[in-house]
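For reference, work_2.cif (mmCIF, C-alpha atoms, pLDDT in the B column; chains and numbers go by the auth columns):
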data_structure
#
loop_
_atom_site.group_PDB
_atom_site.id
_atom_site.type_symbol
_atom_site.label_atom_id
_atom_site.label_comp_id
_atom_site.label_asym_id
_atom_site.label_seq_id
_atom_site.Cartn_x
_atom_site.Cartn_y
_atom_site.Cartn_z
_atom_site.B_iso_or_equiv
_atom_site.auth_seq_id
_atom_site.auth_asym_id
ATOM 1 C CA MET A 1 330.507 166.876 75.867 60.00 1 R
ATOM 2 C CA LYS A 2 326.954 168.131 75.621 66.00 2 R
ATOM 3 C CA SER A 3 326.729 167.521 71.894 76.00 3 R
ATOM 4 C CA SER A 4 328.151 164.043 72.416 87.00 4 R
ATOM 5 C CA LYS A 5 325.320 163.240 74.826 87.00 5 R
ATOM 6 C CA ALA A 6 322.783 164.562 72.344 89.00 6 R
ATOM 7 C CA ALA A 7 324.383 162.469 69.633 91.00 7 R
ATOM 8 C CA TRP A 8 324.136 159.359 71.815 91.00 8 R
ATOM 9 C CA ALA A 9 320.532 160.131 72.618 92.00 9 R
ATOM 10 C CA ALA A 10 319.787 160.625 68.917 91.00 10 R
ATOM 11 C CA LEU A 11 321.619 157.412 68.116 92.00 11 R
ATOM 12 C CA PHE A 12 319.635 155.589 70.770 93.00 12 R
ATOM 13 C CA LEU A 13 316.359 156.926 69.386 92.00 13 R
ATOM 14 C CA LEU A 14 317.416 156.027 65.860 91.00 14 R
ATOM 15 C CA GLY A 15 318.376 152.553 67.030 93.00 15 R
ATOM 16 C CA PHE A 16 315.035 152.241 68.794 92.00 16 R
ATOM 17 C CA LEU A 17 313.141 153.241 65.660 91.00 17 R
ATOM 18 C CA VAL A 18 315.186 150.969 63.413 91.00 18 R
ATOM 19 C CA GLY A 19 314.811 148.071 65.870 92.00 19 R
ATOM 20 C CA ALA A 20 311.102 148.623 66.238 92.00 20 R
ATOM 21 C CA SER A 21 310.673 148.822 62.469 90.00 21 R
ATOM 22 C CA LEU A 22 312.640 145.639 61.903 90.00 22 R
ATOM 23 C CA THR A 23 310.699 143.838 64.638 90.00 23 R
ATOM 24 C CA THR A 24 307.468 145.005 63.046 89.00 24 R
ATOM 25 C CA LEU A 25 308.648 143.700 59.695 88.00 25 R
ATOM 26 C CA GLN A 26 309.558 140.375 61.253 88.00 26 R
ATOM 27 C CA THR A 27 306.375 139.858 63.274 89.00 27 R
ATOM 28 C CA GLY A 28 304.119 141.886 60.998 88.00 28 R
ATOM 29 C CA ARG A 29 303.111 138.971 58.833 88.00 29 R
ATOM 30 C CA GLU A 30 301.794 137.056 61.829 89.00 30 R
ATOM 31 C CA LEU A 31 300.022 140.164 63.133 89.00 31 R
ATOM 32 C CA ASP A 32 298.428 140.784 59.750 89.00 32 R
ATOM 33 C CA ARG A 33 297.369 137.138 59.521 90.00 33 R
ATOM 34 C CA LEU A 34 295.775 137.400 62.973 91.00 34 R
ATOM 35 C CA HIS A 35 293.940 140.566 61.982 89.00 35 R
ATOM 36 C CA VAL A 36 292.590 138.873 58.871 87.00 36 R
ATOM 37 C CA GLN A 37 291.561 135.875 60.994 91.00 37 R
ATOM 38 C CA ILE A 38 289.861 138.152 63.529 92.00 38 R
ATOM 39 C CA SER A 39 287.849 139.882 60.826 89.00 39 R
ATOM 40 C CA GLU A 40 286.894 136.505 59.310 90.00 40 R
ATOM 41 C CA LEU A 41 285.820 135.207 62.707 95.00 41 R
ATOM 42 C CA ARG A 42 283.830 138.381 63.343 94.00 42 R
ATOM 43 C CA GLY A 43 282.027 137.810 60.056 90.00 43 R
ATOM 44 C CA GLU A 44 281.330 134.196 60.966 92.00 44 R
ATOM 45 C CA LEU A 45 280.102 135.239 64.406 95.00 45 R
ATOM 46 C CA GLU A 46 277.741 137.761 62.856 92.00 46 R
ATOM 47 C CA ASP A 47 276.403 135.097 60.480 90.00 47 R
ATOM 48 C CA LYS A 48 275.886 132.656 63.351 93.00 48 R
ATOM 49 C CA GLU A 49 274.158 135.320 65.450 93.00 49 R
ATOM 50 C CA ASN A 50 271.814 136.096 62.581 90.00 50 R
ATOM 51 C CA LEU A 51 271.102 132.376 62.163 91.00 51 R
ATOM 52 C CA ILE A 52 270.421 131.966 65.898 93.00 52 R
ATOM 53 C CA ASN A 53 268.067 134.952 65.877 91.00 53 R
ATOM 54 C CA LEU A 54 266.272 133.546 62.832 88.00 54 R
ATOM 55 C CA LEU A 55 265.930 130.087 64.357 89.00 55 R
ATOM 56 C CA SER A 56 264.815 131.352 67.752 87.00 56 R
ATOM 57 C CA GLY A 57 262.219 133.521 66.013 83.00 57 R
ATOM 58 C CA LYS A 58 260.958 130.512 64.083 80.00 58 R
ATOM 59 C CA LEU A 59 260.951 128.390 67.224 81.00 59 R
ATOM 60 C CA SER A 60 258.921 130.887 69.213 76.00 60 R
ATOM 61 C CA SER A 61 256.398 131.196 66.365 73.00 61 R
ATOM 62 C CA GLN A 62 256.075 127.410 66.231 72.00 62 R
ATOM 63 C CA LYS A 63 255.806 127.025 69.997 71.00 63 R
ATOM 64 C CA LYS A 64 252.505 125.314 70.859 74.00 64 R
ATOM 65 C CA THR A 65 250.112 126.671 73.430 81.00 65 R
ATOM 66 C CA MET A 66 250.075 124.398 76.454 84.00 66 R
ATOM 67 C CA ILE A 67 247.726 123.851 79.340 86.00 67 R
ATOM 68 C CA GLU A 68 249.393 125.774 82.157 86.00 68 R
ATOM 69 C CA LYS A 69 246.760 125.869 84.874 88.00 69 R
ATOM 70 C CA ILE A 70 243.570 124.083 85.908 89.00 70 R
ATOM 71 C CA THR A 71 240.746 126.009 87.531 89.00 71 R
ATOM 72 C CA LEU A 72 237.745 124.127 88.860 89.00 72 R
ATOM 73 C CA HIS A 73 234.418 125.446 90.036 90.00 73 R
ATOM 74 C CA VAL A 74 232.537 122.925 92.144 88.00 74 R
ATOM 75 C CA ILE A 75 228.904 123.697 92.832 89.00 75 R
ATOM 76 C CA LEU A 76 227.432 121.852 95.767 85.00 76 R
ATOM 77 C CA PRO A 77 223.715 121.439 96.397 81.00 77 R
ATOM 78 C CA ASP A 78 221.951 124.201 98.364 75.00 78 R
ATOM 79 C CA ARG A 79 222.311 122.472 101.601 70.00 79 R
ATOM 80 C CA SER A 80 224.468 123.569 104.451 67.00 80 R
ATOM 81 C CA TRP A 81 226.889 121.142 105.936 69.00 81 R
ATOM 82 C CA ALA A 82 229.190 122.055 108.757 66.00 82 R
ATOM 83 C CA ASN A 83 232.135 121.044 106.606 72.00 83 R
ATOM 84 C CA HIS A 84 230.759 122.569 103.388 74.00 84 R
ATOM 85 C CA GLN A 85 234.038 124.256 102.479 76.00 85 R
ATOM 86 C CA THR A 86 236.119 121.169 103.286 78.00 86 R
ATOM 87 C CA ILE A 87 233.932 118.996 101.018 82.00 87 R
ATOM 88 C CA LYS A 88 234.235 121.524 98.242 82.00 88 R
ATOM 89 C CA GLU A 89 238.019 121.614 98.592 84.00 89 R
ATOM 90 C CA THR A 90 238.253 117.810 98.737 85.00 90 R
ATOM 91 C CA LEU A 91 236.190 117.477 95.599 88.00 91 R
ATOM 92 C CA GLU A 92 238.232 120.160 93.854 88.00 92 R
ATOM 93 C CA GLN A 93 241.490 118.432 94.809 88.00 93 R
ATOM 94 C CA ASP A 94 240.220 115.027 93.653 88.00 94 R
ATOM 95 C CA LEU A 95 239.051 116.472 90.352 90.00 95 R
ATOM 96 C CA LYS A 96 242.349 118.304 89.884 89.00 96 R
ATOM 97 C CA LYS A 97 244.192 115.039 90.452 88.00 97 R
ATOM 98 C CA ILE A 98 242.138 113.490 87.670 90.00 98 R
ATOM 99 C CA LEU A 99 242.820 116.402 85.320 89.00 99 R
ATOM 100 C CA ASN A 100 246.523 116.835 86.221 87.00 100 R
ATOM 101 C CA PRO A 101 247.809 114.730 83.273 87.00 101 R
ATOM 102 C CA THR A 102 246.537 117.444 80.908 88.00 102 R
ATOM 103 C CA LEU A 103 248.984 119.975 82.387 86.00 103 R
ATOM 104 C CA GLY A 104 251.786 120.797 79.950 84.00 104 R
ATOM 105 C CA GLN A 105 249.963 119.207 77.044 85.00 105 R
ATOM 106 C CA PRO A 106 249.316 121.151 73.823 85.00 106 R
ATOM 107 C CA ILE A 107 245.758 122.463 73.690 86.00 107 R
ATOM 108 C CA GLU A 108 245.105 120.737 70.362 84.00 108 R
ATOM 109 C CA GLN A 109 245.832 117.366 71.930 86.00 109 R
ATOM 110 C CA VAL A 110 243.386 117.773 74.829 87.00 110 R
ATOM 111 C CA LYS A 111 240.115 116.101 73.852 89.00 111 R
ATOM 112 C CA PRO A 112 236.983 117.609 75.435 89.00 112 R
ATOM 113 C CA GLY A 113 235.221 114.275 75.098 91.00 113 R
ATOM 114 C CA LEU A 114 237.922 112.576 77.126 90.00 114 R
ATOM 115 C CA ILE A 115 237.640 115.133 79.917 90.00 115 R
ATOM 116 C CA GLN A 116 233.900 114.731 79.926 90.00 116 R
ATOM 117 C CA ALA A 117 234.316 110.966 80.089 90.00 117 R
ATOM 118 C CA LEU A 118 236.715 111.380 83.003 89.00 118 R
ATOM 119 C CA LEU A 119 234.506 113.692 85.054 88.00 119 R
ATOM 120 C CA HIS A 120 230.877 113.258 84.061 88.00 120 R
ATOM 121 C CA GLN A 121 228.866 110.827 86.163 90.00 121 R
ATOM 122 C CA ARG A 122 231.890 110.088 88.291 90.00 122 R
ATOM 123 C CA ILE A 123 231.385 109.227 91.922 90.00 123 R
ATOM 124 C CA LEU A 124 233.784 110.760 94.377 88.00 124 R
ATOM 125 C CA PRO A 125 233.905 109.749 98.030 86.00 125 R
ATOM 126 C CA THR A 126 234.155 112.431 100.729 82.00 126 R
ATOM 127 C CA ALA A 127 233.734 112.524 104.513 75.00 127 R
ATOM 128 C CA GLN A 128 230.109 113.461 103.962 77.00 128 R
ATOM 129 C CA GLY A 129 229.440 110.608 101.588 82.00 129 R
ATOM 130 C CA ASN A 130 229.704 109.836 97.882 87.00 130 R
ATOM 131 C CA PHE A 131 229.135 112.649 95.434 88.00 131 R
ATOM 132 C CA LEU A 132 227.995 112.239 91.880 90.00 132 R
ATOM 133 C CA ILE A 133 229.718 114.694 89.562 91.00 133 R
ATOM 134 C CA LYS A 134 228.008 116.291 86.599 92.00 134 R
ATOM 135 C CA MET A 135 230.032 118.420 84.214 91.00 135 R
ATOM 136 C CA ASP A 136 228.374 121.750 83.367 92.00 136 R
ATOM 137 C CA TRP A 137 230.857 123.376 81.067 92.00 137 R
ATOM 138 C CA LEU A 138 234.497 123.218 80.025 92.00 138 R
ATOM 139 C CA ILE A 139 236.885 125.749 78.551 92.00 139 R
ATOM 140 C CA ILE A 140 240.079 124.443 77.023 90.00 140 R
ATOM 141 C CA ALA A 141 242.631 127.254 77.043 88.00 141 R
ATOM 142 C CA PRO A 142 246.044 127.780 78.685 86.00 142 R
ATOM 143 C CA THR A 143 243.959 127.906 81.842 89.00 143 R
ATOM 144 C CA LEU A 144 241.696 124.861 81.638 90.00 144 R
ATOM 145 C CA GLU A 145 238.480 125.880 83.324 92.00 145 R
ATOM 146 C CA CYS A 146 235.675 123.541 84.265 92.00 146 R
ATOM 147 C CA GLN A 147 232.475 123.802 86.259 92.00 147 R
ATOM 148 C CA VAL A 148 230.925 120.732 87.813 92.00 148 R
ATOM 149 C CA SER A 149 227.894 120.196 89.958 90.00 149 R
ATOM 150 C CA ALA A 150 228.146 117.655 92.753 88.00 150 R
ATOM 151 C CA ARG A 151 225.122 115.846 94.102 86.00 151 R
ATOM 152 C CA LEU A 152 225.113 113.655 97.168 81.00 152 R
ATOM 153 C CA GLU A 153 224.172 110.123 96.317 78.00 153 R
ATOM 154 C CA MET B 1 325.549 174.962 42.439 56.00 154 L
ATOM 155 C CA GLN B 2 324.870 171.240 42.259 74.00 155 L
ATOM 156 C CA SER B 3 325.364 169.467 39.004 85.00 156 L
ATOM 157 C CA PHE B 4 322.422 167.836 37.290 85.00 157 L
ATOM 158 C CA PRO B 5 323.372 164.213 38.136 88.00 158 L
ATOM 159 C CA HIS B 6 323.976 165.147 41.792 90.00 159 L
ATOM 160 C CA LYS B 7 320.627 166.845 42.112 88.00 160 L
ATOM 161 C CA SER B 8 318.882 163.978 40.342 90.00 161 L
ATOM 162 C CA LEU B 9 320.410 161.474 42.733 92.00 162 L
ATOM 163 C CA LEU B 10 319.533 163.679 45.695 92.00 163 L
ATOM 164 C CA ILE B 11 315.904 163.824 44.550 92.00 164 L
ATOM 165 C CA PHE B 12 315.852 160.101 43.823 94.00 165 L
ATOM 166 C CA PHE B 13 317.127 159.082 47.268 94.00 166 L
ATOM 167 C CA THR B 14 315.148 161.746 49.109 93.00 167 L
ATOM 168 C CA ALA B 15 311.908 160.508 47.573 94.00 168 L
ATOM 169 C CA MET B 16 312.942 156.941 48.304 94.00 169 L
ATOM 170 C CA GLY B 17 313.785 157.770 51.933 94.00 170 L
ATOM 171 C CA ILE B 18 310.524 159.577 52.478 94.00 171 L
ATOM 172 C CA VAL B 19 308.481 156.611 51.276 95.00 172 L
ATOM 173 C CA LEU B 20 310.644 153.978 53.001 93.00 173 L
ATOM 174 C CA GLY B 21 310.958 155.786 56.337 93.00 174 L
ATOM 175 C CA GLY B 22 307.423 157.075 56.301 94.00 175 L
ATOM 176 C CA SER B 23 305.840 153.714 55.652 94.00 176 L
ATOM 177 C CA LEU B 24 308.116 151.589 57.858 92.00 177 L
ATOM 178 C CA ILE B 25 308.153 153.917 60.860 92.00 178 L
ATOM 179 C CA GLY B 26 304.538 154.871 60.259 92.00 179 L
ATOM 180 C CA SER B 27 303.564 151.224 60.549 91.00 180 L
ATOM 181 C CA LEU B 28 304.757 151.297 64.190 92.00 181 L
ATOM 182 C CA ALA B 29 301.665 153.357 64.922 92.00 182 L
ATOM 183 C CA ALA B 30 299.564 150.510 63.568 91.00 183 L
ATOM 184 C CA VAL B 31 301.191 148.116 66.055 89.00 184 L
ATOM 185 C CA VAL B 32 300.355 150.474 68.925 90.00 185 L
ATOM 186 C CA THR B 33 296.777 151.113 67.788 91.00 186 L
ATOM 187 C CA GLY B 34 296.029 147.462 67.058 87.00 187 L
ATOM 188 C CA ASN B 35 295.872 147.597 63.261 88.00 188 L
ATOM 189 C CA PRO B 36 297.624 145.283 60.786 90.00 189 L
ATOM 190 C CA PRO B 37 301.156 146.760 60.490 91.00 190 L
ATOM 191 C CA LEU B 38 302.189 145.407 57.100 91.00 191 L
ATOM 192 C CA LEU B 39 298.936 146.411 55.458 90.00 192 L
ATOM 193 C CA THR B 40 299.366 149.887 56.971 91.00 193 L
ATOM 194 C CA ALA B 41 302.943 150.082 55.634 92.00 194 L
ATOM 195 C CA ARG B 42 301.765 149.156 52.136 91.00 195 L
ATOM 196 C CA LYS B 43 298.938 151.715 52.278 91.00 196 L
ATOM 197 C CA LEU B 44 301.296 154.437 53.485 92.00 197 L
ATOM 198 C CA ALA B 45 303.816 153.653 50.739 93.00 198 L
ATOM 199 C CA GLU B 46 301.081 153.896 48.128 91.00 199 L
ATOM 200 C CA GLU B 47 299.604 157.116 49.506 91.00 200 L
ATOM 201 C CA MET B 48 302.929 158.856 50.167 91.00 201 L
ATOM 202 C CA LYS B 49 304.416 158.285 46.737 91.00 202 L
ATOM 203 C CA LEU B 50 303.370 161.547 45.091 90.00 203 L
ATOM 204 C CA TRP B 51 303.929 163.595 48.242 91.00 204 L
ATOM 205 C CA ALA B 52 307.422 162.161 48.439 92.00 205 L
ATOM 206 C CA VAL B 53 308.165 163.319 44.878 91.00 206 L
ATOM 207 C CA VAL B 54 306.841 166.787 45.674 90.00 207 L
ATOM 208 C CA ALA B 55 308.839 166.995 48.919 91.00 208 L
ATOM 209 C CA ALA B 56 312.003 165.714 47.240 89.00 209 L
ATOM 210 C CA LEU B 57 311.710 168.330 44.501 86.00 210 L
ATOM 211 C CA GLY B 58 311.572 170.957 47.230 83.00 211 L
ATOM 212 C CA GLY B 59 308.017 172.102 46.722 68.00 212 L
ATOM 213 C CA THR B 60 306.002 172.092 43.550 62.00 213 L
ATOM 214 C CA PHE B 61 305.848 175.834 43.112 65.00 214 L
ATOM 215 C CA SER B 62 309.408 176.377 41.847 71.00 215 L
ATOM 216 C CA SER B 63 309.248 173.372 39.543 71.00 216 L
ATOM 217 C CA ILE B 64 305.972 174.496 38.034 73.00 217 L
ATOM 218 C CA GLU B 65 307.394 178.002 37.711 74.00 218 L
ATOM 219 C CA VAL B 66 310.420 176.707 35.829 73.00 219 L
ATOM 220 C CA LEU B 67 308.205 174.497 33.685 73.00 220 L
ATOM 221 C CA GLY B 68 305.925 177.426 32.911 74.00 221 L
ATOM 222 C CA SER B 69 308.729 179.843 32.090 74.00 222 L
ATOM 223 C CA GLY B 70 310.560 177.210 30.022 73.00 223 L
ATOM 224 C CA PHE B 71 307.403 176.381 28.120 72.00 224 L
ATOM 225 C CA PHE B 72 306.332 179.932 27.387 77.00 225 L
ATOM 226 C CA THR B 73 309.758 181.447 26.705 77.00 226 L
ATOM 227 C CA GLY B 74 310.831 178.573 24.542 76.00 227 L
ATOM 228 C CA GLN B 75 313.731 177.461 26.763 77.00 228 L
ATOM 229 C CA ILE B 76 313.681 173.718 26.397 79.00 229 L
ATOM 230 C CA ARG B 77 316.749 172.844 28.516 81.00 230 L
ATOM 231 C CA PRO B 78 315.356 173.843 31.964 79.00 231 L
ATOM 232 C CA LEU B 79 312.046 172.310 30.978 81.00 232 L
ATOM 233 C CA ILE B 80 313.644 168.964 30.232 86.00 233 L
ATOM 234 C CA LYS B 81 315.791 169.216 33.378 85.00 234 L
ATOM 235 C CA GLN B 82 312.727 169.717 35.566 85.00 235 L
ATOM 236 C CA LEU B 83 310.955 166.870 33.859 86.00 236 L
ATOM 237 C CA LEU B 84 313.945 164.628 34.506 90.00 237 L
ATOM 238 C CA PHE B 85 314.031 165.713 38.165 90.00 238 L
ATOM 239 C CA ILE B 86 310.372 164.790 38.468 90.00 239 L
ATOM 240 C CA ILE B 87 311.080 161.452 36.803 93.00 240 L
ATOM 241 C CA ALA B 88 314.007 160.872 39.214 93.00 241 L
ATOM 242 C CA GLY B 89 311.705 161.611 42.150 93.00 242 L
ATOM 243 C CA LEU B 90 309.027 159.310 40.788 94.00 243 L
ATOM 244 C CA ALA B 91 311.608 156.571 40.216 95.00 244 L
ATOM 245 C CA GLY B 92 312.891 156.906 43.812 94.00 245 L
ATOM 246 C CA ALA B 93 309.374 156.820 45.250 94.00 246 L
ATOM 247 C CA GLU B 94 308.395 153.908 43.038 94.00 247 L
ATOM 248 C CA SER B 95 311.524 151.917 43.981 95.00 248 L
ATOM 249 C CA ALA B 96 310.794 152.518 47.659 94.00 249 L
ATOM 250 C CA LYS B 97 307.225 151.392 47.147 94.00 250 L
ATOM 251 C CA TYR B 98 308.505 148.273 45.430 93.00 251 L
ATOM 252 C CA LEU B 99 310.870 147.615 48.368 93.00 252 L
ATOM 253 C CA VAL B 100 308.097 148.119 50.920 92.00 253 L
ATOM 254 C CA PHE B 101 305.749 145.869 48.977 92.00 254 L
ATOM 255 C CA SER B 102 308.469 143.198 48.756 91.00 255 L
ATOM 256 C CA LEU B 103 309.221 143.425 52.477 88.00 256 L
ATOM 257 C CA THR B 104 305.575 143.348 53.511 85.00 257 L
ATOM 258 C CA PRO B 105 303.845 140.602 51.540 81.00 258 L
ATOM 259 C CA PRO B 106 300.143 140.141 52.208 76.00 259 L
ATOM 260 C CA PRO B 107 299.295 137.197 54.510 68.00 260 L
#
Target format structure tokens, applied to this file:
Amino acid sequence: MKSSKAAWAALFLLGFLVGASLTTLQTGRELDRLHVQISELRGELEDKENLINLLSGKLSSQKKTMIEKITLHVILPDRSWANHQTIKETLEQDLKKILNPTLGQPIEQVKPGLIQALLHQRILPTAQGNFLIKMDWLIIAPTLECQVSARLE
Amino acid sequence: MQSFPHKSLLIFFTAMGIVLGGSLIGSLAAVVTGNPPLLTARKLAEEMKLWAVVAALGGTFSSIEVLGSGFFTGQIRPLIKQLLFIIAGLAGAESAKYLVFSLTPPP
């Protein structure tokens, strides 16, 4: 009785192994094909990743420097007005509005002569009266910096 | 004592069974571990061939001993018998390898 059980168990195990082997033989070709495909796709993925890295490196090296910020220094005459600070801020805001189109533009494309033409000898109205702007200096860099002197007309 | 043809057949089928069983059942491990099963079966059949011959002969030591004694004492009959046993083993292993390779074609 006991040996019969063992024989059945052995038969079952043998059947399991034979069945598993036959199933592997039957489905093995598809599994092998998928493994080959996976390795091919991995290779392709690696190639594409290398290409992306190469292109992004090239892109960042070609990226142009842009004007990112405008800083203005307005010098008012040595005369104290009650609203001195307000006038200064108004003038700064007006001048920034004039220079705003340069934001985001490549540095090489920003012409100093054009900025001078835009600001120099320009008359800006404020609550205190009209101010004549005179450009002192200009730095064209990612932060465009400009100093102007304002004189009450 | 087994006759020469009986022993030759025993060696032939033993070597064949070792290669067939080893490679086919061994490839089940490849399914579990996520490797290509047919490729694994082919590799196993190739690698197990000589070991199957050795195992079927019942260990190399006695065969080499017989070969040595036959060679040095001038007894040609046992020498030829051992050589034929080895050839039978090789034939069994090679047939099994052929069967495995036929059953597991590359994709």
Chain R contacts to chain L at 9 Å (only C-alpha atoms) as a PyMOL selection string: chain R and resi 17-18+20-22+24-25+28-36
Sel. within 9 Å of pt (311.3, 164.9, 45.2), counting only C-alpha atoms, output as number ranges by chain: L: 163-169, 203-212, 238-239, 241-243, 245-246
Residues within 8 Å of (233.5, 123.1, 83.9), counting only C-alpha atoms, listed as JSON, numbers by chain: {"R": [72, 73, 135, 136, 137, 138, 139, 145, 146, 147, 148]}
Straight-line distance linking atom CA of Lys97 of chain R with atom CA of Leu124 of chain R, stated in Å to one decimal: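 Those two atoms sit 11.9 Å apart.
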Contact residues around Leu118 of chain R with all atoms listed in the file at 10 Å, ignoring same-chain residues under 3 positions, as number ranges by chain: R: 95, 98-99, 112-115, 121-122, 135
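Atom CA of Pro158 of chain L is found 13.4 Å from atom CA of Leu236 of chain L.
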Atomic distance atom CA of Arg79 of chain R - atom CA of Ile123 of chain R, expressed in Å with one decimal: 18.7 Å
